[in-house]
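Notes for the one structure printed next.
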Amino acid sequence: MRKAVGLLASRAAVVAVFLFVVHTGITDASAQSPKKPVSIAATATTSTDPELSSLEQEIFREINLARANPREYAAHLERLKPYFSGNTFQPPGKTPLVTNEGWSAVDEAIRFLRALPALPPLSVSRGMCLGALEHVKDQKASGLTGHKGSDNSFCEQRVMRFGAWQESIGENLIYGTDAAREKVLTLLIDDGVANRGHRKRIMSSEYKVVGVSCGDHAKLGGLCVLTFAGGFRDNLAGNPAIGKPATPAPAKPSKGKAPRQF
């Protein structure tokens, strides 16, 4: 385990802390499941859900801004360059913070965004937001981090309490109290995460819907859970599974995908 030193740190290979606030964190544990066809059409709202908090709505908007115009969004990252010296990041009036990779991770993210075409916007799924909320509530109570719930569930089981997901599904977690844009920039930079899984999920053309939920975290100040899928069919009315632990599905091996690591 590496001790948090300013800008970025890892917590038991689960939490990577990056940019702007010392206690911001992101996790990546190859949190993406193999494709799963579902014989129902996806349903999701095409604008922000009125039941989302202001932070959740802002994160949703920032993600779609990045997808709609990746080159323009890269400009937000370019503005950080003057504040890097080697692996140290020091914005004006702030304490110097040490990153894993320094400017190179930011520069890589800029080149990645500049090379991408515009992507269709994601839609908000209420059922997926509720599935994400399950994990927020769980970790608020436990103070744990990572993709695995205290009931051994993963994102695919949590959202299935509120409907059915299509095609593929993945999850990004980010800890701390940053503003929405800072959280999204952190995930796009993905400093210290070798496979850049957070960046790829946000900018993936395979994903069409997203669930967003943010709340308090006992140890890291806050947690936002972002769950992405190729589609989702909400099943909320009279659902007896709402609020109850799901029985974890047996793990299915996936060719070419790394096993989960926690």
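By order of appearance in the structure tokens: chains A, B, ..., then residues from 1 within every chain, and ligands from 1 in the order shown.
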* Asked: Out of range 123-255 of chain A, which residues get helix (DSSP H, G or I) from DSSP, as a VMD selection string?
  -> chain A and resid 126 to 142 155 to 159 180 to 189 197 to 202
Write the residues of the preceding selection, restricted to N, CA, C and O atoms, as a compact mmCIF listing (two decimals), in the first residue's frame.
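That gives us out_23.txt:
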# COMPACT_ATOMS: atom_id res chain seq x y z
N ARG A 126 -33.26 5.69 -14.23
CA ARG A 126 -33.65 5.78 -12.82
C ARG A 126 -33.29 4.49 -12.08
O ARG A 126 -32.79 4.53 -10.96
N GLY A 127 -33.53 3.35 -12.71
CA GLY A 127 -33.21 2.09 -12.06
C GLY A 127 -31.73 1.94 -11.80
O GLY A 127 -31.32 1.45 -10.74
N MET A 128 -30.90 2.39 -12.75
CA MET A 128 -29.46 2.30 -12.55
C MET A 128 -28.99 3.28 -11.48
O MET A 128 -28.04 3.00 -10.75
N CYS A 129 -29.65 4.43 -11.39
CA CYS A 129 -29.32 5.37 -10.29
C CYS A 129 -29.62 4.73 -8.94
O CYS A 129 -28.84 4.88 -7.99
N LEU A 130 -30.73 4.01 -8.85
CA LEU A 130 -31.08 3.35 -7.59
C LEU A 130 -30.09 2.23 -7.27
O LEU A 130 -29.74 2.01 -6.11
N GLY A 131 -29.64 1.52 -8.30
CA GLY A 131 -28.62 0.50 -8.08
C GLY A 131 -27.32 1.11 -7.58
O GLY A 131 -26.67 0.56 -6.68
N ALA A 132 -26.94 2.26 -8.14
CA ALA A 132 -25.74 2.96 -7.69
C ALA A 132 -25.91 3.45 -6.26
O ALA A 132 -24.98 3.40 -5.44
N LEU A 133 -27.12 3.91 -5.93
CA LEU A 133 -27.41 4.39 -4.58
C LEU A 133 -27.23 3.28 -3.54
O LEU A 133 -26.79 3.54 -2.41
N GLU A 134 -27.55 2.05 -3.92
CA GLU A 134 -27.35 0.93 -3.00
C GLU A 134 -25.89 0.86 -2.53
O GLU A 134 -25.61 0.61 -1.36
N HIS A 135 -24.97 1.08 -3.46
CA HIS A 135 -23.55 1.00 -3.11
C HIS A 135 -23.12 2.21 -2.29
O HIS A 135 -22.30 2.09 -1.37
N VAL A 136 -23.67 3.38 -2.60
CA VAL A 136 -23.37 4.57 -1.82
C VAL A 136 -23.80 4.37 -0.36
O VAL A 136 -23.05 4.66 0.58
N LYS A 137 -25.02 3.88 -0.17
CA LYS A 137 -25.52 3.66 1.19
C LYS A 137 -24.70 2.61 1.92
O LYS A 137 -24.42 2.74 3.12
N ASP A 138 -24.32 1.56 1.21
CA ASP A 138 -23.53 0.48 1.79
C ASP A 138 -22.19 1.01 2.30
O ASP A 138 -21.79 0.75 3.44
N GLN A 139 -21.48 1.77 1.46
CA GLN A 139 -20.15 2.24 1.85
C GLN A 139 -20.20 3.41 2.82
O GLN A 139 -19.25 3.63 3.58
N LYS A 140 -21.29 4.15 2.82
CA LYS A 140 -21.45 5.18 3.85
C LYS A 140 -21.48 4.53 5.22
O LYS A 140 -20.89 5.03 6.18
N ALA A 141 -22.17 3.41 5.32
CA ALA A 141 -22.29 2.72 6.60
C ALA A 141 -21.01 1.98 6.98
O ALA A 141 -20.61 1.96 8.14
N SER A 142 -20.35 1.38 5.97
CA SER A 142 -19.20 0.52 6.28
C SER A 142 -17.87 1.25 6.26
O SER A 142 -16.90 0.80 6.89
N CYS A 155 -21.79 -4.36 -9.41
CA CYS A 155 -22.74 -3.43 -10.01
C CYS A 155 -23.84 -4.14 -10.77
O CYS A 155 -25.01 -3.72 -10.73
N GLU A 156 -23.51 -5.25 -11.45
CA GLU A 156 -24.52 -5.94 -12.25
C GLU A 156 -25.64 -6.50 -11.38
O GLU A 156 -26.81 -6.47 -11.76
N GLN A 157 -25.30 -7.02 -10.20
CA GLN A 157 -26.34 -7.52 -9.30
C GLN A 157 -27.14 -6.38 -8.67
O GLN A 157 -28.35 -6.48 -8.50
N ARG A 158 -26.45 -5.28 -8.35
CA ARG A 158 -27.15 -4.17 -7.69
C ARG A 158 -28.20 -3.54 -8.61
O ARG A 158 -29.31 -3.23 -8.16
N VAL A 159 -27.88 -3.35 -9.88
CA VAL A 159 -28.88 -2.73 -10.76
C VAL A 159 -30.00 -3.69 -11.11
O VAL A 159 -31.13 -3.25 -11.40
N ALA A 180 -18.05 18.69 -9.65
CA ALA A 180 -18.38 17.72 -10.70
C ALA A 180 -17.32 17.69 -11.80
O ALA A 180 -16.87 16.61 -12.20
N ARG A 181 -16.91 18.84 -12.32
CA ARG A 181 -15.93 18.84 -13.41
C ARG A 181 -14.61 18.24 -12.95
O ARG A 181 -13.97 17.50 -13.69
N GLU A 182 -14.19 18.54 -11.74
CA GLU A 182 -12.94 18.00 -11.22
C GLU A 182 -13.02 16.48 -11.12
O GLU A 182 -12.04 15.78 -11.40
N LYS A 183 -14.18 15.97 -10.72
CA LYS A 183 -14.34 14.52 -10.65
C LYS A 183 -14.21 13.88 -12.03
O LYS A 183 -13.53 12.86 -12.20
N VAL A 184 -14.85 14.48 -13.02
CA VAL A 184 -14.81 13.91 -14.37
C VAL A 184 -13.40 14.03 -14.95
O VAL A 184 -12.90 13.08 -15.58
N LEU A 185 -12.72 15.14 -14.73
CA LEU A 185 -11.34 15.28 -15.20
C LEU A 185 -10.44 14.23 -14.54
O LEU A 185 -9.56 13.66 -15.18
N THR A 186 -10.65 13.99 -13.26
CA THR A 186 -9.88 12.98 -12.55
C THR A 186 -10.04 11.61 -13.19
O THR A 186 -9.08 10.88 -13.42
N LEU A 187 -11.29 11.26 -13.51
CA LEU A 187 -11.55 9.96 -14.13
C LEU A 187 -10.96 9.88 -15.53
O LEU A 187 -10.49 8.82 -15.96
N LEU A 188 -10.97 10.97 -16.26
CA LEU A 188 -10.41 10.98 -17.61
C LEU A 188 -8.89 10.87 -17.59
O LEU A 188 -8.29 10.20 -18.43
N ILE A 189 -8.25 11.52 -16.63
CA ILE A 189 -6.79 11.42 -16.51
C ILE A 189 -6.40 10.01 -16.09
O ILE A 189 -5.49 9.41 -16.65
N GLY A 197 -9.18 2.36 -17.26
CA GLY A 197 -10.55 1.87 -17.35
C GLY A 197 -11.60 2.93 -17.12
O GLY A 197 -12.66 2.91 -17.76
N HIS A 198 -11.34 3.87 -16.19
CA HIS A 198 -12.32 4.93 -15.91
C HIS A 198 -12.52 5.80 -17.14
O HIS A 198 -13.65 6.14 -17.51
N ARG A 199 -11.41 6.18 -17.76
CA ARG A 199 -11.45 7.01 -18.97
C ARG A 199 -12.22 6.30 -20.08
O ARG A 199 -13.09 6.89 -20.74
N LYS A 200 -11.91 5.03 -20.28
CA LYS A 200 -12.52 4.28 -21.38
C LYS A 200 -14.02 4.11 -21.18
O LYS A 200 -14.79 4.15 -22.14
N ARG A 201 -14.45 3.90 -19.94
CA ARG A 201 -15.88 3.74 -19.70
C ARG A 201 -16.63 5.03 -20.00
O ARG A 201 -17.70 5.01 -20.62
N ILE A 202 -16.12 6.17 -19.55
CA ILE A 202 -16.79 7.44 -19.81
C ILE A 202 -16.92 7.70 -21.30
O ILE A 202 -17.94 8.20 -21.77
* Just list the residues in range 140-207 of chain A DSSP gives strand (DSSP E) on the backbone, as number ranges by chain. => A: 163-175
Output file for the residues above (N, CA, C and O atoms, as a PDB file, in the first residue's frame):
ATOM      1  N   GLY A 163     -34.285  -3.561 -12.342  1.00  0.00           N
ATOM      2  CA  GLY A 163     -34.532  -3.707 -13.766  1.00  0.00           C
ATOM      3  C   GLY A 163     -33.542  -4.668 -14.400  1.00  0.00           C
ATOM      4  O   GLY A 163     -32.971  -5.526 -13.723  1.00  0.00           O
ATOM      5  N   ALA A 164     -33.339  -4.525 -15.709  1.00  0.00           N
ATOM      6  CA  ALA A 164     -32.456  -5.426 -16.451  1.00  0.00           C
ATOM      7  C   ALA A 164     -31.536  -4.613 -17.352  1.00  0.00           C
ATOM      8  O   ALA A 164     -31.992  -3.745 -18.090  1.00  0.00           O
ATOM      9  N   TRP A 165     -30.253  -4.943 -17.312  1.00  0.00           N
ATOM     10  CA  TRP A 165     -29.288  -4.228 -18.151  1.00  0.00           C
ATOM     11  C   TRP A 165     -29.027  -5.000 -19.427  1.00  0.00           C
ATOM     12  O   TRP A 165     -29.211  -6.213 -19.487  1.00  0.00           O
ATOM     13  N   GLN A 166     -28.582  -4.274 -20.449  1.00  0.00           N
ATOM     14  CA  GLN A 166     -28.333  -4.851 -21.763  1.00  0.00           C
ATOM     15  C   GLN A 166     -26.869  -4.732 -22.157  1.00  0.00           C
ATOM     16  O   GLN A 166     -26.173  -3.808 -21.730  1.00  0.00           O
ATOM     17  N   GLU A 167     -26.454  -5.644 -23.025  1.00  0.00           N
ATOM     18  CA  GLU A 167     -25.153  -5.587 -23.699  1.00  0.00           C
ATOM     19  C   GLU A 167     -23.977  -5.719 -22.740  1.00  0.00           C
ATOM     20  O   GLU A 167     -23.445  -6.782 -22.552  1.00  0.00           O
ATOM     21  N   SER A 168     -23.538  -4.624 -22.141  1.00  0.00           N
ATOM     22  CA  SER A 168     -22.399  -4.660 -21.224  1.00  0.00           C
ATOM     23  C   SER A 168     -22.649  -3.663 -20.104  1.00  0.00           C
ATOM     24  O   SER A 168     -23.506  -2.776 -20.221  1.00  0.00           O
ATOM     25  N   ILE A 169     -21.901  -3.816 -19.023  1.00  0.00           N
ATOM     26  CA  ILE A 169     -22.094  -2.945 -17.866  1.00  0.00           C
ATOM     27  C   ILE A 169     -20.745  -2.707 -17.196  1.00  0.00           C
ATOM     28  O   ILE A 169     -19.864  -3.570 -17.215  1.00  0.00           O
ATOM     29  N   GLY A 170     -20.545  -1.526 -16.648  1.00  0.00           N
ATOM     30  CA  GLY A 170     -19.306  -1.194 -15.957  1.00  0.00           C
ATOM     31  C   GLY A 170     -19.566  -0.118 -14.913  1.00  0.00           C
ATOM     32  O   GLY A 170     -20.615   0.536 -14.926  1.00  0.00           O
ATOM     33  N   GLU A 171     -18.609   0.066 -14.039  1.00  0.00           N
ATOM     34  CA  GLU A 171     -18.798   0.987 -12.907  1.00  0.00           C
ATOM     35  C   GLU A 171     -17.533   1.787 -12.640  1.00  0.00           C
ATOM     36  O   GLU A 171     -16.428   1.249 -12.632  1.00  0.00           O
ATOM     37  N   ASN A 172     -17.700   3.086 -12.432  1.00  0.00           N
ATOM     38  CA  ASN A 172     -16.635   3.952 -11.936  1.00  0.00           C
ATOM     39  C   ASN A 172     -17.005   4.436 -10.548  1.00  0.00           C
ATOM     40  O   ASN A 172     -18.163   4.810 -10.312  1.00  0.00           O
ATOM     41  N   LEU A 173     -16.040   4.444  -9.651  1.00  0.00           N
ATOM     42  CA  LEU A 173     -16.219   5.012  -8.324  1.00  0.00           C
ATOM     43  C   LEU A 173     -15.230   6.155  -8.150  1.00  0.00           C
ATOM     44  O   LEU A 173     -14.084   6.042  -8.550  1.00  0.00           O
ATOM     45  N   ILE A 174     -15.688   7.245  -7.553  1.00  0.00           N
ATOM     46  CA  ILE A 174     -14.776   8.338  -7.241  1.00  0.00           C
ATOM     47  C   ILE A 174     -15.098   8.876  -5.855  1.00  0.00           C
ATOM     48  O   ILE A 174     -16.240   9.175  -5.536  1.00  0.00           O
ATOM     49  N   TYR A 175     -14.055   8.934  -5.031  1.00  0.00           N
ATOM     50  CA  TYR A 175     -14.195   9.342  -3.634  1.00  0.00           C
ATOM     51  C   TYR A 175     -13.690  10.772  -3.451  1.00  0.00           C
ATOM     52  O   TYR A 175     -12.810  11.224  -4.165  1.00  0.00           O
TER      53      TYR A 175
END
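Candidate residues A:Ser213, A:Thr95, A:Ser205, A:Asn69 were compared for distance to Glu56 in chain A, and the nearest is A:Ser213, using only C-alpha atoms.
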* Which of A:Val212, A:Lys81, A:Thr145, A:Ala74 sits closest to Arg61 in chain A [using only C-alpha atoms] ->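 For Arg61 in chain A, the nearest of the given residues is A:Val212.
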* Nearest residue to Asp178 in chain A from the set A:Glu58, A:Leu80, A:Glu72, A:Ile63 (distances using only C-alpha atoms) ->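 Distance minimum relative to Asp178 in chain A lands on A:Glu58.
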* Asked: With only C-alpha atoms as the atoms that count, which of A:Val193, A:Val124, A:Asn87, A:Glu101 lies nearest to Glu51 in chain A?
  ->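 Selected residue with least distance to Glu51 in chain A: A:Val124.
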